[in-house]
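Please read the structure below before turning to the comments.
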Amino acid sequence: MTRKDLSMAIIGGGMGGLTAGLAALQVGIDVQVYEQATSLREIGAGVQISPNASRVLHRLGLADALARTGVKPLAWHQRRWDNGRTLLRTPLAHSMEAAFGFPHYQMHRADVLNALVDAFPQERLHAGERFAAFVDHGDHVEVSFESGRRIEVDVLVGADGIHSSVRRALHGSDDARFTGCVAYRGLAPADRLSGLGLELTSQVWMGPDKHFVHYFVRNQELVNFVAVIEQDCWTAESWIDRGDVDEARSSFAGWHPQVQTIIGAVDETFKWALFDRPPMERWSMGRVTLLGDACHAMLPFMAQGAAQAIEDAATLTACLASRTHNEVTDALAQYETLRLPRASRLQALSAANKSRFHLVDGPSQEARDAQMALGNTDWSLDAVAWLYGHDAWSTSAVG
């Protein structure tokens, strides 16, 4: 399809924004992406590209790029914090691909972002442009930037993260809420951990008031970890600070030696405050809508934050693909109807996993472990079919 009657501006050049840009180009929409940073980069961290997301990225021509650096884990391996006992082991890799048609990858966030940047026409990507305001004139949207640039487009999309300026301009000011969790994140060279004989799995260690996740990324050259602890408040000005490796290790004193060794293998760690927002009643008004963390920021405890932004991009494009200039508001209403319930469900599940992962040893923890042994949890293969088997390109796919 080639069309010249629809123009779109996307504010935010992260994974969600660039995916939306590539998808829009694929159906012939005249799209431009505006990013406030002067260069697009990701602080070292891993990301899970589950089949519901890789389905979208494959269709955009990124299959080879993902395969070059992505790691296909053999299983989710959930373990007890002190002795490492297996609580649940869910097959991934070939089982996942056979069940849902697309692979599950563990990746460095920078590798995914670089693949998107490389695929997106550079003349359509504008770095160093900070969004200032918009005016919806009914038949078009006028957008202004702090640089003085002004543009007019048919559709404005805010893909500018949890602290979204577009969201604030659209719905008014509201603060993201601190979830009571902070995360130490790090990347360790895999050769420093060769003595551990790490499995090619994504491991989640559950314990009192905290949990620890680790998995290989970048062709198994690096081990990514996320160490989450509960904390009463966050007083730093930034929601991302450079952390202290010794402090991170001491936070997991008494945990299994494997956990301690992985934390100690990094040269640096970053400490992130985990924020989210309650589900919104609506994402769109007129010719303006939101995407990704701008409208459904969630805890990372279902590993779906990036994947849901990628799904948003596909569904938004599918809704706009057959619409004319005069039908934009209908398309955005359809997009919201399709996406809001699903994203809200995942926000709730992610928040619930905070409690489930952090149970103090006792009756509730024992009941959780017994349930996991039966495979009846959010992370078993059958239980996540609604999630991983979802086709975000379909305008009839809800759930």
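Ordering of the structure tokens sets the chain letters (A, B, ...), residue numbers begin anew at 1 in every chain, and ligands are numbered from 1 in the order given.
Near A:Gln258, within 8 Å and counting only C-alpha atoms, sit Leu196, Thr261 and Ile262 of chain A; same-chain residues fewer than 3 positions away were not included.
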Mind the document's chain letters and residue numbers, and return as a PyMOL selection string the residues of stretch 62-202 of chain A that DSSP labels strand (DSSP E).
chain A and resi 75-80+86-91+105-108+125-127+131-136+141-145+150-153+155-158+177-189+202
Using only C-alpha atoms: which of A:Met298, A:Gly264, A:Val223, A:Arg339 has the shortest distance to A:Leu198:
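Closest candidate: A:Val223.
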For the alpha helix (DSSP H) assignment from backbone DSSP, which residues of stretch 151-308 of chain A qualify? Please present them as a ChimeraX atom specification.
/A:165-171,245-251,257-264,293-296,305-308
Which residues are close to stretch 113-124 of chain A, i.e. within 10 Å by only C-alpha atoms, leaving aside same-chain residues fewer than 3 positions away? Reply as a short mmCIF file (atom, residue, chain, number, x, y, z; two decimals) with N, CA and C atoms, in the first residue's frame.
```cif
data_model
loop_
_atom_site.label_atom_id
_atom_site.label_comp_id
_atom_site.auth_asym_id
_atom_site.auth_seq_id
_atom_site.Cartn_x
_atom_site.Cartn_y
_atom_site.Cartn_z
N ALA A 9 3.58 12.38 13.31
CA ALA A 9 4.76 12.73 14.10
C ALA A 9 4.77 11.87 15.35
N GLY A 13 12.12 8.48 20.48
CA GLY A 13 12.83 7.57 19.59
C GLY A 13 13.34 6.33 20.28
N GLY A 14 12.55 5.79 21.22
CA GLY A 14 12.89 4.52 21.84
C GLY A 14 12.35 3.36 21.04
N MET A 15 12.30 2.20 21.66
CA MET A 15 11.86 1.00 20.94
C MET A 15 10.43 1.13 20.43
N GLY A 16 9.53 1.64 21.26
CA GLY A 16 8.14 1.78 20.84
C GLY A 16 7.98 2.78 19.72
N GLY A 17 8.62 3.95 19.86
CA GLY A 17 8.49 4.98 18.86
C GLY A 17 9.07 4.59 17.52
N LEU A 18 10.24 3.97 17.52
CA LEU A 18 10.87 3.56 16.26
C LEU A 18 10.13 2.40 15.62
N THR A 19 9.60 1.49 16.43
CA THR A 19 8.79 0.41 15.87
C THR A 19 7.56 0.98 15.19
N GLY A 21 7.29 3.93 13.94
CA GLY A 21 7.74 4.61 12.74
C GLY A 21 7.97 3.66 11.59
N LEU A 22 8.64 2.54 11.85
CA LEU A 22 8.88 1.55 10.80
C LEU A 22 7.57 0.95 10.30
N ALA A 23 6.67 0.66 11.23
CA ALA A 23 5.39 0.09 10.84
C ALA A 23 4.59 1.07 9.99
N LEU A 25 5.75 3.47 8.07
CA LEU A 25 6.36 3.54 6.74
C LEU A 25 5.96 2.35 5.88
N ASP A 30 3.36 8.95 5.93
CA ASP A 30 4.47 9.90 5.96
C ASP A 30 4.80 10.21 7.42
N VAL A 31 5.81 9.53 7.96
CA VAL A 31 6.08 9.60 9.40
C VAL A 31 7.45 10.19 9.67
N GLN A 32 7.52 10.97 10.76
CA GLN A 32 8.77 11.54 11.26
C GLN A 32 8.84 11.25 12.76
N VAL A 33 10.05 10.93 13.25
CA VAL A 33 10.27 10.65 14.66
C VAL A 33 11.15 11.74 15.25
N TYR A 34 10.74 12.26 16.41
CA TYR A 34 11.45 13.35 17.08
C TYR A 34 11.89 12.86 18.47
N LEU A 40 20.78 8.60 20.17
CA LEU A 40 19.96 7.51 20.68
C LEU A 40 20.86 6.43 21.25
N ARG A 41 20.68 6.15 22.54
CA ARG A 41 21.48 5.13 23.19
C ARG A 41 20.69 4.52 24.33
N GLU A 42 21.15 3.37 24.78
CA GLU A 42 20.52 2.68 25.90
C GLU A 42 21.57 2.41 26.96
N LEU A 57 8.43 -7.49 15.05
CA LEU A 57 9.72 -7.08 14.54
C LEU A 57 10.13 -7.89 13.31
N LEU A 60 8.61 -6.48 10.28
CA LEU A 60 9.26 -5.23 9.89
C LEU A 60 10.65 -5.45 9.29
N GLY A 61 11.03 -6.71 9.11
CA GLY A 61 12.29 -7.03 8.45
C GLY A 61 13.49 -7.14 9.36
N LEU A 62 13.27 -7.32 10.67
CA LEU A 62 14.38 -7.33 11.62
C LEU A 62 14.76 -8.73 12.10
N ALA A 63 14.26 -9.76 11.45
CA ALA A 63 14.53 -11.13 11.91
C ALA A 63 16.02 -11.42 11.94
N ASP A 64 16.75 -11.07 10.88
CA ASP A 64 18.19 -11.36 10.83
C ASP A 64 18.94 -10.57 11.90
N ALA A 65 18.56 -9.32 12.09
CA ALA A 65 19.24 -8.48 13.09
C ALA A 65 19.04 -9.04 14.49
N LEU A 66 17.84 -9.51 14.80
CA LEU A 66 17.59 -10.10 16.12
C LEU A 66 18.39 -11.39 16.29
N HIS A 108 20.40 -7.51 24.59
CA HIS A 108 20.85 -6.22 25.12
C HIS A 108 19.94 -5.16 24.51
N ARG A 109 19.44 -4.27 25.33
CA ARG A 109 18.52 -3.24 24.83
C ARG A 109 19.16 -2.42 23.71
N ALA A 110 20.45 -2.14 23.81
CA ALA A 110 21.13 -1.36 22.78
C ALA A 110 21.12 -2.08 21.44
N ALA A 127 16.99 14.02 16.04
CA ALA A 127 17.49 14.02 17.42
C ALA A 127 17.63 15.45 17.92
#
```
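For A:Phe216, the set of protein, DNA and RNA residues having any atom at most 10 Å away, when counting only C-alpha atoms and skipping those fewer than 6 positions along the same chain, is Gly46, Gly70, Val71, Lys72, Pro73, Tyr105, Gln106, Met107, His108, Leu187, Ala188, Pro189, Ala190, Leu198, Glu199, Leu200, Thr201, Ser202, Gln203, Leu222, Val223, Asn224 and Phe225 of chain A.
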Residues from the last selection, N, CA and C atoms, saved as a PDB file, in the first residue's frame:
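Generated output (result03.pdb):
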```pdb
ATOM      1  N   GLY A  46      19.347  -5.597  29.882  1.00  0.00           N
ATOM      2  CA  GLY A  46      18.760  -6.608  29.021  1.00  0.00           C
ATOM      3  C   GLY A  46      17.285  -6.359  28.794  1.00  0.00           C
ATOM      4  N   GLY A  70      20.713 -11.965  19.419  1.00  0.00           N
ATOM      5  CA  GLY A  70      19.774 -12.481  20.411  1.00  0.00           C
ATOM      6  C   GLY A  70      20.148 -13.863  20.906  1.00  0.00           C
ATOM      7  N   VAL A  71      19.749 -14.145  22.128  1.00  0.00           N
ATOM      8  CA  VAL A  71      19.963 -15.458  22.748  1.00  0.00           C
ATOM      9  C   VAL A  71      18.606 -16.099  22.982  1.00  0.00           C
ATOM     10  N   LYS A  72      18.450 -17.341  22.549  1.00  0.00           N
ATOM     11  CA  LYS A  72      17.207 -18.069  22.770  1.00  0.00           C
ATOM     12  C   LYS A  72      17.350 -18.924  24.041  1.00  0.00           C
ATOM     13  N   PRO A  73      16.703 -18.530  25.122  1.00  0.00           N
ATOM     14  CA  PRO A  73      16.836 -19.294  26.365  1.00  0.00           C
ATOM     15  C   PRO A  73      16.111 -20.628  26.271  1.00  0.00           C
ATOM     16  N   TYR A 105      13.608 -14.112  22.465  1.00  0.00           N
ATOM     17  CA  TYR A 105      14.997 -13.705  22.558  1.00  0.00           C
ATOM     18  C   TYR A 105      15.268 -12.980  23.865  1.00  0.00           C
ATOM     19  N   GLN A 106      16.467 -13.209  24.398  1.00  0.00           N
ATOM     20  CA  GLN A 106      17.045 -12.364  25.436  1.00  0.00           C
ATOM     21  C   GLN A 106      18.062 -11.474  24.733  1.00  0.00           C
ATOM     22  N   MET A 107      17.966 -10.160  24.931  1.00  0.00           N
ATOM     23  CA  MET A 107      18.813  -9.250  24.181  1.00  0.00           C
ATOM     24  C   MET A 107      19.308  -8.087  25.029  1.00  0.00           C
ATOM     25  N   HIS A 108      20.403  -7.507  24.591  1.00  0.00           N
ATOM     26  CA  HIS A 108      20.846  -6.223  25.124  1.00  0.00           C
ATOM     27  C   HIS A 108      19.938  -5.160  24.511  1.00  0.00           C
ATOM     28  N   LEU A 187      25.788  -5.688  33.799  1.00  0.00           N
ATOM     29  CA  LEU A 187      26.189  -6.608  32.737  1.00  0.00           C
ATOM     30  C   LEU A 187      27.583  -7.111  33.059  1.00  0.00           C
ATOM     31  N   ALA A 188      27.716  -8.429  33.189  1.00  0.00           N
ATOM     32  CA  ALA A 188      29.003  -9.034  33.518  1.00  0.00           C
ATOM     33  C   ALA A 188      29.531  -9.803  32.313  1.00  0.00           C
ATOM     34  N   PRO A 189      30.815  -9.669  31.979  1.00  0.00           N
ATOM     35  CA  PRO A 189      31.387 -10.505  30.926  1.00  0.00           C
ATOM     36  C   PRO A 189      31.209 -11.979  31.276  1.00  0.00           C
ATOM     37  N   ALA A 190      30.703 -12.746  30.347  1.00  0.00           N
ATOM     38  CA  ALA A 190      30.385 -14.149  30.624  1.00  0.00           C
ATOM     39  C   ALA A 190      31.617 -14.945  31.016  1.00  0.00           C
ATOM     40  N   LEU A 198      26.809 -21.691  34.080  1.00  0.00           N
ATOM     41  CA  LEU A 198      25.433 -21.201  33.980  1.00  0.00           C
ATOM     42  C   LEU A 198      24.684 -21.860  32.837  1.00  0.00           C
ATOM     43  N   GLU A 199      23.443 -22.235  33.116  1.00  0.00           N
ATOM     44  CA  GLU A 199      22.570 -22.763  32.080  1.00  0.00           C
ATOM     45  C   GLU A 199      22.142 -21.647  31.134  1.00  0.00           C
ATOM     46  N   LEU A 200      21.726 -22.041  29.947  1.00  0.00           N
ATOM     47  CA  LEU A 200      21.191 -21.085  28.989  1.00  0.00           C
ATOM     48  C   LEU A 200      19.699 -20.898  29.282  1.00  0.00           C
ATOM     49  N   THR A 201      19.438 -20.340  30.451  1.00  0.00           N
ATOM     50  CA  THR A 201      18.068 -20.118  30.896  1.00  0.00           C
ATOM     51  C   THR A 201      17.935 -18.699  31.434  1.00  0.00           C
ATOM     52  N   SER A 202      16.709 -18.268  31.594  1.00  0.00           N
ATOM     53  CA  SER A 202      16.425 -17.020  32.289  1.00  0.00           C
ATOM     54  C   SER A 202      16.036 -17.400  33.711  1.00  0.00           C
ATOM     55  N   GLN A 203      16.881 -17.056  34.670  1.00  0.00           N
ATOM     56  CA  GLN A 203      16.671 -17.515  36.036  1.00  0.00           C
ATOM     57  C   GLN A 203      16.112 -16.401  36.913  1.00  0.00           C
ATOM     58  N   LEU A 222      27.659 -11.700  27.366  1.00  0.00           N
ATOM     59  CA  LEU A 222      27.390 -10.970  28.589  1.00  0.00           C
ATOM     60  C   LEU A 222      26.292 -11.659  29.380  1.00  0.00           C
ATOM     61  N   VAL A 223      26.351 -11.509  30.699  1.00  0.00           N
ATOM     62  CA  VAL A 223      25.271 -11.948  31.577  1.00  0.00           C
ATOM     63  C   VAL A 223      24.619 -10.703  32.161  1.00  0.00           C
ATOM     64  N   ASN A 224      23.346 -10.524  31.868  1.00  0.00           N
ATOM     65  CA  ASN A 224      22.580  -9.397  32.385  1.00  0.00           C
ATOM     66  C   ASN A 224      21.919  -9.802  33.699  1.00  0.00           C
ATOM     67  N   PHE A 225      21.959  -8.908  34.693  1.00  0.00           N
ATOM     68  CA  PHE A 225      21.215  -9.193  35.922  1.00  0.00           C
ATOM     69  C   PHE A 225      20.384  -7.994  36.333  1.00  0.00           C
TER      70      PHE A 225
END
```
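Atom CA of A:Ala373 is positioned 17.4 Å from atom CA of A:His358.
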Looking at A:Ser147, A:Asn52, A:Gln334, A:Thr324, which one is nearest to A:Gly101, with distances taken over only C-alpha atoms?
A:Asn52
Residue contacts of A:Glu327 (12 Å, only C-alpha atoms) excluding same-chain residues fewer than 6 positions away, as a ChimeraX atom specification
/A:5-6,138-140,154-155,286-287,319-321,333-334
Suppose we keep C-alpha atoms; can you now write the selection as a PDB file, in the first residue's frame?
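And here is the file that came out, selection.pdb:
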```pdb
ATOM      1  CA  ASP A   5      -2.770  11.451   2.480  1.00  0.00           C
ATOM      2  CA  LEU A   6      -1.673  10.752   6.057  1.00  0.00           C
ATOM      3  CA  GLY A 138      -9.634  19.318  14.354  1.00  0.00           C
ATOM      4  CA  ASP A 139      -8.387  18.668  10.823  1.00  0.00           C
ATOM      5  CA  HIS A 140      -4.671  18.632  11.782  1.00  0.00           C
ATOM      6  CA  ASP A 154      -2.558  14.480  10.777  1.00  0.00           C
ATOM      7  CA  VAL A 155      -1.601  12.289  13.769  1.00  0.00           C
ATOM      8  CA  GLY A 286      -8.887  13.854  18.829  1.00  0.00           C
ATOM      9  CA  ARG A 287      -5.849  13.309  16.620  1.00  0.00           C
ATOM     10  CA  CYS A 319      -5.904   0.761  12.744  1.00  0.00           C
ATOM     11  CA  LEU A 320      -4.574   3.660  10.648  1.00  0.00           C
ATOM     12  CA  ALA A 321      -3.667   1.645   7.556  1.00  0.00           C
ATOM     13  CA  ALA A 333     -10.475   5.232  19.183  1.00  0.00           C
ATOM     14  CA  GLN A 334     -10.246   1.728  17.717  1.00  0.00           C
TER      15      GLN A 334
END
```
Residue neighbourhood A:Arg177, 10 Å, only C-alpha atoms, exclusion window fewer than 5 positions, as a PyMOL selection string
chain A and resi 274-278
Of the candidates A:Ala307, A:Ala367, A:Leu340, A:Ala313, which shows the shortest atom-to-atom distance to A:Trp283, using only C-alpha atoms?
A:Leu340
